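Have a look at the structure below, then the notes.
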Amino acid sequence: MNKTWALLRLASPQLPIGGYSYSQGLELAVEQGLVCDSASAQQWLSDQLLLNLARFDAPLLLAHCEAANSADWDELLSLAERQRASRESRELQQESRQMGYSLQQLLEHLPELDPPSRACLSRLAQPSLMLAWALAARAWGISPADALSAWLWGWLENQLAVLMKSLPLGQQAAQRLTSQLLPHLTAAQQHASQLPQAQWGSAAFGLSLASMAHERQYSRLFRS
């Protein structure tokens with residue numbers, strides 16, 4: 001199979017896991033005026049990439065994919081438990097669990113998923129999105145590095161979709177913002193690929209507070 005098609009499939013917003021339902025605290029930041037235009041949106045998203053994702057979630061996702069690729073199932077399950085314990089708010093826990101469940105349902109009905117991957121899925125009642133993502137990459141022959149790229153790109157596209165729905169931000173402005181953020185996306189990918197496991201960790205207090213406050217936001221479009 002063409003590897004590019006597999007990569008596009010994994011990164012596609014059409015992947016039926018419900019990513020469009022989640023803002024990861026961005027909706028609350030818009031509500032409170034922390035993000036109000038393209039400049040503040042660029043600052044919020046670049047901080048997210050470089051100070052949070054690149055330091056923990058991205059290297060953790062890459063490790064999931066490497067473990068699945070090498071069929072190290074015990075390591076994969078250990079990483080999944082670490083990911084579960086790292087979610088700071090109820091919403092972030094639910095997001096990972098619900099999207100992981102949706103991707104699990106997709107994978108279980110696809111012929112590409114091999115028996116060892118099916119056995120791994122069966123060991124978890126509530127697989128995280130990262131674990132299911134890693135198994136999808138294994139099923140479709142996507143390298144761990146490319147699976148990380150797809151994950152980061154999907155995150156950025158989803159955040160821009162949130163901004164277009166919650167700010168007066170049109171499609172052309174979103175594309176300009178994409179151009180501004182691509183260097184940060186590359187930097188986050190490179191940092192995550194080189195970071196030793198002993199140095200994983202971030203303290204994204206603003207994101208955690210935004211996520212927790214969003215749980216009580218009176219009017220909202222997104223589930224997190």
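Following the order of the structure tokens, first chain is A, next is B, and so on, with residues numbered from 1 inside each chain and ligands from 1 in the order they appear.
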Using DSSP secondary structure from the backbone, list all alpha helix (DSSP H) positions within stretch 38-215 of chain A, as a PyMOL selection string.
chain A and resi 38-47+58-69+73-85+90-108+115-122+129-139+144-166+171-194+205-214
Export of the given selection (C-alpha atoms) as a CSV table (one decimal), in the first residue's frame:
chain,number,residue,atom,x,y,z
A,38,SER,CA,-4.4,35.8,15.4
A,39,ALA,CA,-1.4,37.1,17.4
A,40,SER,CA,-2.7,35.8,20.8
A,41,ALA,CA,-3.7,32.5,19.1
A,42,GLN,CA,-0.2,32.1,17.7
A,43,GLN,CA,1.2,32.7,21.2
A,44,TRP,CA,-1.2,30.2,22.9
A,45,LEU,CA,-0.6,27.5,20.3
A,46,SER,CA,3.2,27.9,20.1
A,47,ASP,CA,3.4,27.8,23.9
A,58,ALA,CA,4.8,14.1,22.0
A,59,PRO,CA,7.7,12.0,23.3
A,60,LEU,CA,5.2,9.8,25.1
A,61,LEU,CA,3.2,9.3,21.9
A,62,LEU,CA,6.4,8.4,20.0
A,63,ALA,CA,7.4,5.9,22.7
A,64,HIS,CA,3.9,4.3,22.3
A,65,CYS,CA,4.4,4.0,18.6
A,66,GLU,CA,8.0,2.6,19.0
A,67,ALA,CA,6.7,-0.1,21.5
A,68,ALA,CA,3.9,-1.1,19.2
A,69,ASN,CA,6.1,-1.2,16.2
A,73,TRP,CA,3.4,-5.2,24.5
A,74,ASP,CA,4.4,-4.9,28.2
A,75,GLU,CA,6.2,-1.6,27.5
A,76,LEU,CA,3.2,-0.3,25.5
A,77,LEU,CA,0.8,-1.1,28.4
A,78,SER,CA,3.1,0.5,30.9
A,79,LEU,CA,3.3,3.7,28.7
A,80,ALA,CA,-0.5,3.7,28.4
A,81,GLU,CA,-0.8,3.6,32.2
A,82,ARG,CA,1.6,6.5,32.5
A,83,GLN,CA,-0.4,8.5,30.0
A,84,ARG,CA,-3.6,7.8,31.9
A,85,ALA,CA,-2.1,9.0,35.1
A,90,ARG,CA,-11.7,15.1,34.2
A,91,GLU,CA,-12.2,16.5,30.7
A,92,LEU,CA,-8.7,15.6,29.6
A,93,GLN,CA,-9.2,12.1,31.0
A,94,GLN,CA,-12.5,11.7,29.2
A,95,GLU,CA,-11.1,13.0,25.9
A,96,SER,CA,-8.3,10.5,25.8
A,97,ARG,CA,-10.6,7.6,26.9
A,98,GLN,CA,-13.5,8.5,24.5
A,99,MET,CA,-11.3,9.1,21.5
A,100,GLY,CA,-9.3,5.9,22.3
A,101,TYR,CA,-12.5,3.9,22.5
A,102,SER,CA,-13.7,5.3,19.1
A,103,LEU,CA,-10.4,4.3,17.5
A,104,GLN,CA,-10.5,0.9,19.1
A,105,GLN,CA,-13.9,0.3,17.6
A,106,LEU,CA,-12.6,1.2,14.2
A,107,LEU,CA,-9.5,-0.9,14.5
A,108,GLU,CA,-11.3,-4.0,15.7
A,115,PRO,CA,-3.6,-10.9,16.2
A,116,PRO,CA,-1.0,-9.6,18.6
A,117,SER,CA,-2.4,-6.1,18.4
A,118,ARG,CA,-5.9,-7.4,18.9
A,119,ALA,CA,-4.7,-9.3,22.0
A,120,CYS,CA,-3.1,-6.1,23.3
A,121,LEU,CA,-6.4,-4.2,22.9
A,122,SER,CA,-8.3,-6.9,24.6
A,129,LEU,CA,-6.0,7.5,22.3
A,130,MET,CA,-2.2,7.2,22.3
A,131,LEU,CA,-2.3,3.4,22.6
A,132,ALA,CA,-4.9,3.1,19.9
A,133,TRP,CA,-3.0,5.5,17.7
A,134,ALA,CA,0.2,3.4,18.0
A,135,LEU,CA,-1.7,0.3,17.1
A,136,ALA,CA,-3.3,2.1,14.1
A,137,ALA,CA,0.2,3.1,12.9
A,138,ARG,CA,1.4,-0.5,13.3
A,139,ALA,CA,-1.6,-1.8,11.4
A,144,PRO,CA,6.8,5.8,14.7
A,145,ALA,CA,8.3,9.1,13.4
A,146,ASP,CA,5.6,9.6,10.8
A,147,ALA,CA,2.9,8.6,13.3
A,148,LEU,CA,4.2,11.4,15.6
A,149,SER,CA,4.1,13.8,12.6
A,150,ALA,CA,0.5,12.8,11.9
A,151,TRP,CA,-0.5,13.3,15.5
A,152,LEU,CA,1.1,16.7,15.8
A,153,TRP,CA,-0.5,17.8,12.5
A,154,GLY,CA,-3.9,16.5,13.6
A,155,TRP,CA,-3.6,18.5,16.8
A,156,LEU,CA,-2.8,21.7,15.0
A,157,GLU,CA,-5.6,21.3,12.5
A,158,ASN,CA,-8.1,20.7,15.3
A,159,GLN,CA,-6.9,23.7,17.2
A,160,LEU,CA,-7.3,25.9,14.1
A,161,ALA,CA,-10.8,24.5,13.6
A,162,VAL,CA,-11.6,25.5,17.2
A,163,LEU,CA,-10.4,29.0,16.5
A,164,MET,CA,-12.4,29.3,13.3
A,165,LYS,CA,-15.6,28.4,15.2
A,166,SER,CA,-15.0,30.5,18.3
A,171,GLN,CA,-9.9,30.1,6.5
A,172,GLN,CA,-7.3,32.4,4.9
A,173,ALA,CA,-6.3,33.7,8.3
A,174,ALA,CA,-6.1,30.2,9.6
A,175,GLN,CA,-3.7,29.3,6.7
A,176,ARG,CA,-1.5,32.3,7.5
A,177,LEU,CA,-1.4,31.1,11.1
A,178,THR,CA,-0.5,27.6,10.0
A,179,SER,CA,2.5,29.1,8.1
A,180,GLN,CA,3.6,30.9,11.2
A,181,LEU,CA,3.2,27.8,13.4
A,182,LEU,CA,4.9,25.2,11.1
A,183,PRO,CA,8.4,26.0,12.4
A,184,HIS,CA,7.1,25.5,16.0
A,185,LEU,CA,5.5,22.2,14.9
A,186,THR,CA,8.9,21.1,13.4
A,187,ALA,CA,10.7,22.2,16.6
A,188,ALA,CA,8.3,20.3,18.8
A,189,GLN,CA,8.7,17.1,16.7
A,190,GLN,CA,12.5,17.3,16.8
A,191,HIS,CA,12.6,18.0,20.5
A,192,ALA,CA,10.3,15.2,21.3
A,193,SER,CA,12.3,12.8,19.1
A,194,GLN,CA,15.5,13.6,21.0
A,205,PHE,CA,-0.6,25.1,34.7
A,206,GLY,CA,-2.5,27.5,32.3
A,207,LEU,CA,-3.7,24.6,30.3
A,208,SER,CA,-4.8,22.6,33.4
A,209,LEU,CA,-6.7,25.6,34.8
A,210,ALA,CA,-8.3,26.3,31.5
A,211,SER,CA,-9.4,22.7,31.2
A,212,MET,CA,-10.8,22.6,34.7
A,213,ALA,CA,-12.6,25.9,34.3
A,214,HIS,CA,-14.1,24.8,31.0
Figure out the distance between atom CA of A:Ala71 and atom CA of A:Leu195, please, to one decimal in Å.
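Going from atom CA of A:Leu195 over to atom CA of A:Ala71 covers 21.9 Å.
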Find, counting only C-alpha atoms, the residue in A:Ala6, A:Leu124, A:Ala198, A:Leu26 that gets nearest to A:Gln48.
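Once distances to A:Gln48 are computed over only C-alpha atoms, the minimum belongs to A:Leu26.
Remark: for A:Asn2, the closest of the candidate residues A:Val35, A:Ile142, A:Ala203, A:Ala54 is A:Ile142 (distances computed over only C-alpha atoms).
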Quick one, how far is atom CA of A:Leu53 from atom CA of A:Glu112?
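Separation of atom CA of A:Leu53 and atom CA of A:Glu112: 29.3 Å.
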With only C-alpha atoms as the atoms that count, which of A:Ser202, A:Ser21, A:Ser143, A:Ser89 lies nearest to A:Leu51?
A:Ser202
